[in-house]
file structure35.txt (compact mmCIF, C-alpha atoms)
# COMPACT_ATOMS: atom_id res chain seq x y z
CA MET A 115 -62.75 -9.31 25.63
CA LEU A 116 -61.50 -6.18 23.85
CA LYS A 117 -58.53 -7.14 21.73
CA LYS A 118 -58.23 -4.51 19.02
CA VAL A 119 -57.19 -0.90 19.25
CA THR A 120 -58.73 1.18 16.50
CA ILE A 121 -58.29 4.81 15.54
CA TYR A 122 -61.57 6.59 14.72
CA GLN A 123 -60.15 9.48 12.69
CA ILE A 124 -63.24 11.57 11.99
CA ALA A 125 -61.54 14.94 12.36
CA ILE A 126 -58.05 16.29 11.81
CA GLU A 127 -56.74 19.53 13.26
CA CYS A 128 -54.68 21.14 15.89
CA ALA A 129 -54.69 24.68 17.03
CA ASN A 130 -51.61 24.66 19.19
CA PHE A 131 -51.78 26.17 22.61
CA ALA A 132 -49.04 28.55 21.52
CA GLU A 133 -47.19 29.20 24.78
CA ILE A 134 -47.35 25.59 25.96
CA HIS A 135 -46.43 24.26 22.54
CA VAL A 136 -43.38 26.48 22.17
CA GLN A 137 -42.14 25.90 25.72
CA PHE A 138 -42.51 22.16 25.92
CA PHE A 139 -42.65 20.74 22.41
CA GLN A 140 -40.73 21.48 19.27
CA LYS A 141 -43.33 19.84 17.04
CA CYS A 142 -46.70 18.33 17.74
CA TYR A 143 -46.52 14.63 16.81
CA ALA A 144 -49.89 14.84 15.08
CA GLU A 145 -48.81 17.80 12.97
CA VAL A 146 -45.68 15.97 11.84
CA MET A 147 -47.70 12.83 11.11
CA ALA A 148 -50.35 14.79 9.19
CA ARG A 149 -47.67 16.31 6.94
CA ARG A 150 -46.20 12.87 6.33
CA LEU A 151 -49.58 11.32 5.51
CA LYS A 152 -50.43 14.21 3.19
CA ALA A 153 -47.11 13.71 1.37
CA MET A 154 -47.98 10.01 1.02
CA GLY A 155 -51.24 10.99 -0.70
CA GLN A 156 -53.57 9.87 2.08
CA LYS A 157 -56.98 11.32 1.20
CA LYS A 158 -57.98 12.21 4.77
CA TYR A 159 -54.90 14.42 5.09
CA SER A 160 -55.23 16.36 1.82
CA ASN A 161 -55.78 19.56 3.86
CA GLY A 162 -52.69 18.95 5.92
CA PHE A 163 -53.38 19.90 9.52
CA LEU A 164 -56.26 22.29 8.90
CA LEU A 165 -59.53 21.37 10.57
CA THR A 166 -61.11 18.70 8.41
CA ILE A 167 -64.23 16.86 9.49
CA HIS A 168 -64.82 13.46 7.90
CA GLU A 169 -68.54 13.14 8.40
CA ASP A 170 -68.70 10.35 5.79
CA ASP A 171 -66.65 8.16 8.15
CA LEU A 172 -68.93 8.50 11.17
CA ASP A 173 -70.49 5.10 10.49
CA GLU A 174 -67.21 3.13 10.65
CA PRO A 175 -67.80 1.65 14.15
CA TYR A 176 -71.07 0.08 12.99
CA ARG A 177 -69.10 -2.04 10.50
CA TRP A 178 -66.37 -3.29 12.84
CA LYS A 179 -66.62 -6.91 13.90
CA GLY A 180 -66.06 -7.75 17.55
CA SER A 181 -65.15 -5.27 20.26
CA HIS A 182 -62.57 -2.53 19.82
CA ASN A 183 -60.77 -0.07 22.05
CA VAL A 184 -61.32 3.11 20.06
CA PHE A 185 -59.19 6.25 20.17
CA VAL A 186 -61.49 8.99 18.86
CA CYS A 187 -59.73 11.70 16.84
CA SER A 188 -56.13 10.87 17.65
CA MET A 189 -55.09 13.65 15.26
CA ALA A 190 -57.56 16.23 16.52
CA ASP A 191 -59.42 17.54 19.52
CA LEU A 192 -63.12 16.69 19.27
CA PHE A 193 -63.88 19.57 21.64
CA HIS A 194 -61.92 22.18 19.68
CA THR A 195 -63.99 25.36 19.42
CA SER A 196 -64.08 25.03 15.61
CA VAL A 197 -65.73 21.60 15.75
CA PRO A 198 -69.49 22.19 15.50
CA VAL A 199 -71.61 20.94 18.41
CA GLU A 200 -73.84 19.21 15.87
CA PHE A 201 -70.89 17.09 14.77
CA ILE A 202 -70.02 16.19 18.37
CA ASP A 203 -73.67 15.16 18.83
CA LYS A 204 -73.33 12.80 15.86
CA VAL A 205 -70.15 11.27 17.30
CA MET A 206 -71.85 10.73 20.67
CA LYS A 207 -74.81 9.10 18.93
CA VAL A 208 -72.47 6.60 17.27
CA ILE A 209 -70.75 5.93 20.60
CA LYS A 210 -74.10 5.37 22.31
CA GLU A 211 -75.29 3.01 19.56
CA THR A 212 -72.12 0.88 19.55
CA PRO A 213 -71.72 -0.21 23.20
CA GLN A 214 -69.61 -3.23 22.18
CA HIS A 215 -66.69 -0.82 21.72
CA ARG A 216 -64.83 1.14 24.39
CA TYR A 217 -64.13 4.73 23.38
CA GLN A 218 -61.35 7.06 24.52
CA ILE A 219 -61.55 10.79 23.87
CA LEU A 220 -58.67 13.06 24.86
CA THR A 221 -59.05 16.84 24.92
CA LYS A 222 -57.09 19.93 25.83
CA ARG A 223 -60.41 21.74 26.11
CA ALA A 224 -61.94 20.31 29.27
CA GLU A 225 -64.05 23.43 29.78
CA ARG A 226 -65.82 22.95 26.46
CA MET A 227 -66.30 19.25 27.12
CA GLU A 228 -67.77 19.99 30.55
CA GLN A 229 -70.09 22.59 29.06
CA TYR A 230 -71.15 20.14 26.34
CA PHE A 231 -72.03 17.39 28.83
CA ARG A 232 -73.90 19.72 31.17
CA THR A 233 -76.89 19.38 28.85
CA ARG A 234 -76.27 15.85 27.56
CA VAL A 235 -75.82 12.34 28.88
CA VAL A 236 -72.33 10.88 28.73
CA PRO A 237 -72.46 7.61 26.73
CA ASN A 238 -71.61 4.47 28.71
CA SER A 239 -69.13 3.18 26.16

call {"tool": "encode", "arguments": {"input": "structure35.txt", "output": "structure tokens"}}
result
Amino acid sequence: MLKKVTIYQIAIECANFAEIHVQFFQKCYAEVMARRLKAMGQKKYSNGFLLTIHEDDLDEPYRWKGSHNVFVCSMADLFHTSVPVEFIDKVMKVIKETPQHRYQILTKRAERMEQYFRTRVVPNS
């Protein structure tokens, strides 16, 4: 049984969809949170809300005990055009190799995600 919800924060960024952002949202929650965490001295947020890839943290799911519901990149979009495909490949490798966890990836860039998975297998996790 999956009991824990875990954030897998391996990238931080947001390139706002300008028109949508201005029309419907005053502030992106992740942008506000990133500023707050930077002000608190959190190392992962030292660049504020600029794209920051935390490749050193890719191995976190291997160390977790039990099963987790995992929100991948809650403060970023894994399929942002600035995120290298090679990095996405590494994330998918971790997901494939840790089937005890259930992963959730949200994106505003469905076209890039579709293009990515045209040539790759979607992990079962």

call {"tool": "closest_residue", "arguments": {"input": "structure35.txt", "among": "A:Asn161, A:Ala144, A:Gly155, A:Tyr230", "to": "Asp203 (chain A)", "atoms": "only C-alpha atoms"}}
result
A:Tyr230

call {"tool": "closest_residue", "arguments": {"input": "structure35.txt", "among": "A:Phe231, A:Tyr176, A:Phe201, A:Phe163", "to": "Val146 (chain A)", "atoms": "all atoms listed in the file"}}
result
A:Phe163

call {"tool": "residues_around", "arguments": {"input": "structure35.txt", "residues": "Lys210 (chain A)", "least_positions_apart": "6", "cutoff": "8 Å", "atoms": "only C-alpha atoms", "output": "VMD selection string"}}
result
chain A and resid 237 to 239

call {"tool": "closest_residue", "arguments": {"input": "structure35.txt", "among": "A:His215, A:His182, A:Ile167, A:Arg177", "to": "Pro198 (chain A)", "atoms": "all atoms listed in the file"}}
result
A:Ile167

call {"tool": "residues_around", "arguments": {"input": "structure35.txt", "residues": "region 148-153 of chain A", "least_positions_apart": "6", "cutoff": "6 Å", "atoms": "only C-alpha atoms", "output": "PDB file with C-alpha atoms, in the frame of the given file"}}
result
ATOM      1  CA  TYR A 159     -54.900  14.420   5.090  1.00  0.00           C
ATOM      2  CA  SER A 160     -55.230  16.360   1.820  1.00  0.00           C
ATOM      3  CA  GLY A 162     -52.690  18.950   5.920  1.00  0.00           C
ATOM      4  CA  PHE A 163     -53.380  19.900   9.520  1.00  0.00           C
TER       5      PHE A 163
END

call {"tool": "residues_near_point", "arguments": {"input": "structure35.txt", "point": "(-70.9, 2.7, 20.1)", "cutoff": "12 Å", "atoms": "all atoms listed in the file", "output": "MDAnalysis selection string"}}
result
chainID A and resid 122 172:178 180:184 186 204:218 236:239

call {"tool": "write_last_selection", "arguments": {"input": "structure35.txt", "atoms": "C-alpha atoms", "output": "CSV table (one decimal), in the coordinates of the input"}}
result
chain,number,residue,atom,x,y,z
A,122,TYR,CA,-61.6,6.6,14.7
A,172,LEU,CA,-68.9,8.5,11.2
A,173,ASP,CA,-70.5,5.1,10.5
A,174,GLU,CA,-67.2,3.1,10.6
A,175,PRO,CA,-67.8,1.6,14.2
A,176,TYR,CA,-71.1,0.1,13.0
A,177,ARG,CA,-69.1,-2.0,10.5
A,178,TRP,CA,-66.4,-3.3,12.8
A,180,GLY,CA,-66.1,-7.8,17.6
A,181,SER,CA,-65.2,-5.3,20.3
A,182,HIS,CA,-62.6,-2.5,19.8
A,183,ASN,CA,-60.8,-0.1,22.0
A,184,VAL,CA,-61.3,3.1,20.1
A,186,VAL,CA,-61.5,9.0,18.9
A,204,LYS,CA,-73.3,12.8,15.9
A,205,VAL,CA,-70.2,11.3,17.3
A,206,MET,CA,-71.8,10.7,20.7
A,207,LYS,CA,-74.8,9.1,18.9
A,208,VAL,CA,-72.5,6.6,17.3
A,209,ILE,CA,-70.8,5.9,20.6
A,210,LYS,CA,-74.1,5.4,22.3
A,211,GLU,CA,-75.3,3.0,19.6
A,212,THR,CA,-72.1,0.9,19.6
A,213,PRO,CA,-71.7,-0.2,23.2
A,214,GLN,CA,-69.6,-3.2,22.2
A,215,HIS,CA,-66.7,-0.8,21.7
A,216,ARG,CA,-64.8,1.1,24.4
A,217,TYR,CA,-64.1,4.7,23.4
A,218,GLN,CA,-61.4,7.1,24.5
A,236,VAL,CA,-72.3,10.9,28.7
A,237,PRO,CA,-72.5,7.6,26.7
A,238,ASN,CA,-71.6,4.5,28.7
A,239,SER,CA,-69.1,3.2,26.2

call {"tool": "closest_residue", "arguments": {"input": "structure35.txt", "among": "A:Leu220, A:Leu164, A:Leu192, A:Thr233", "to": "Glu145 (chain A)", "atoms": "only C-alpha atoms"}}
result
A:Leu164

call {"tool": "atom_distance", "arguments": {"input": "structure35.txt", "atom1": "CA of Glu200 (chain A)", "atom2": "CA of Lys157 (chain A)"}}
result
23.7 Å

call {"tool": "atom_distance", "arguments": {"input": "structure35.txt", "atom1": "CA of Asp171 (chain A)", "atom2": "CA of Thr195 (chain A)"}}
result
20.7 Å
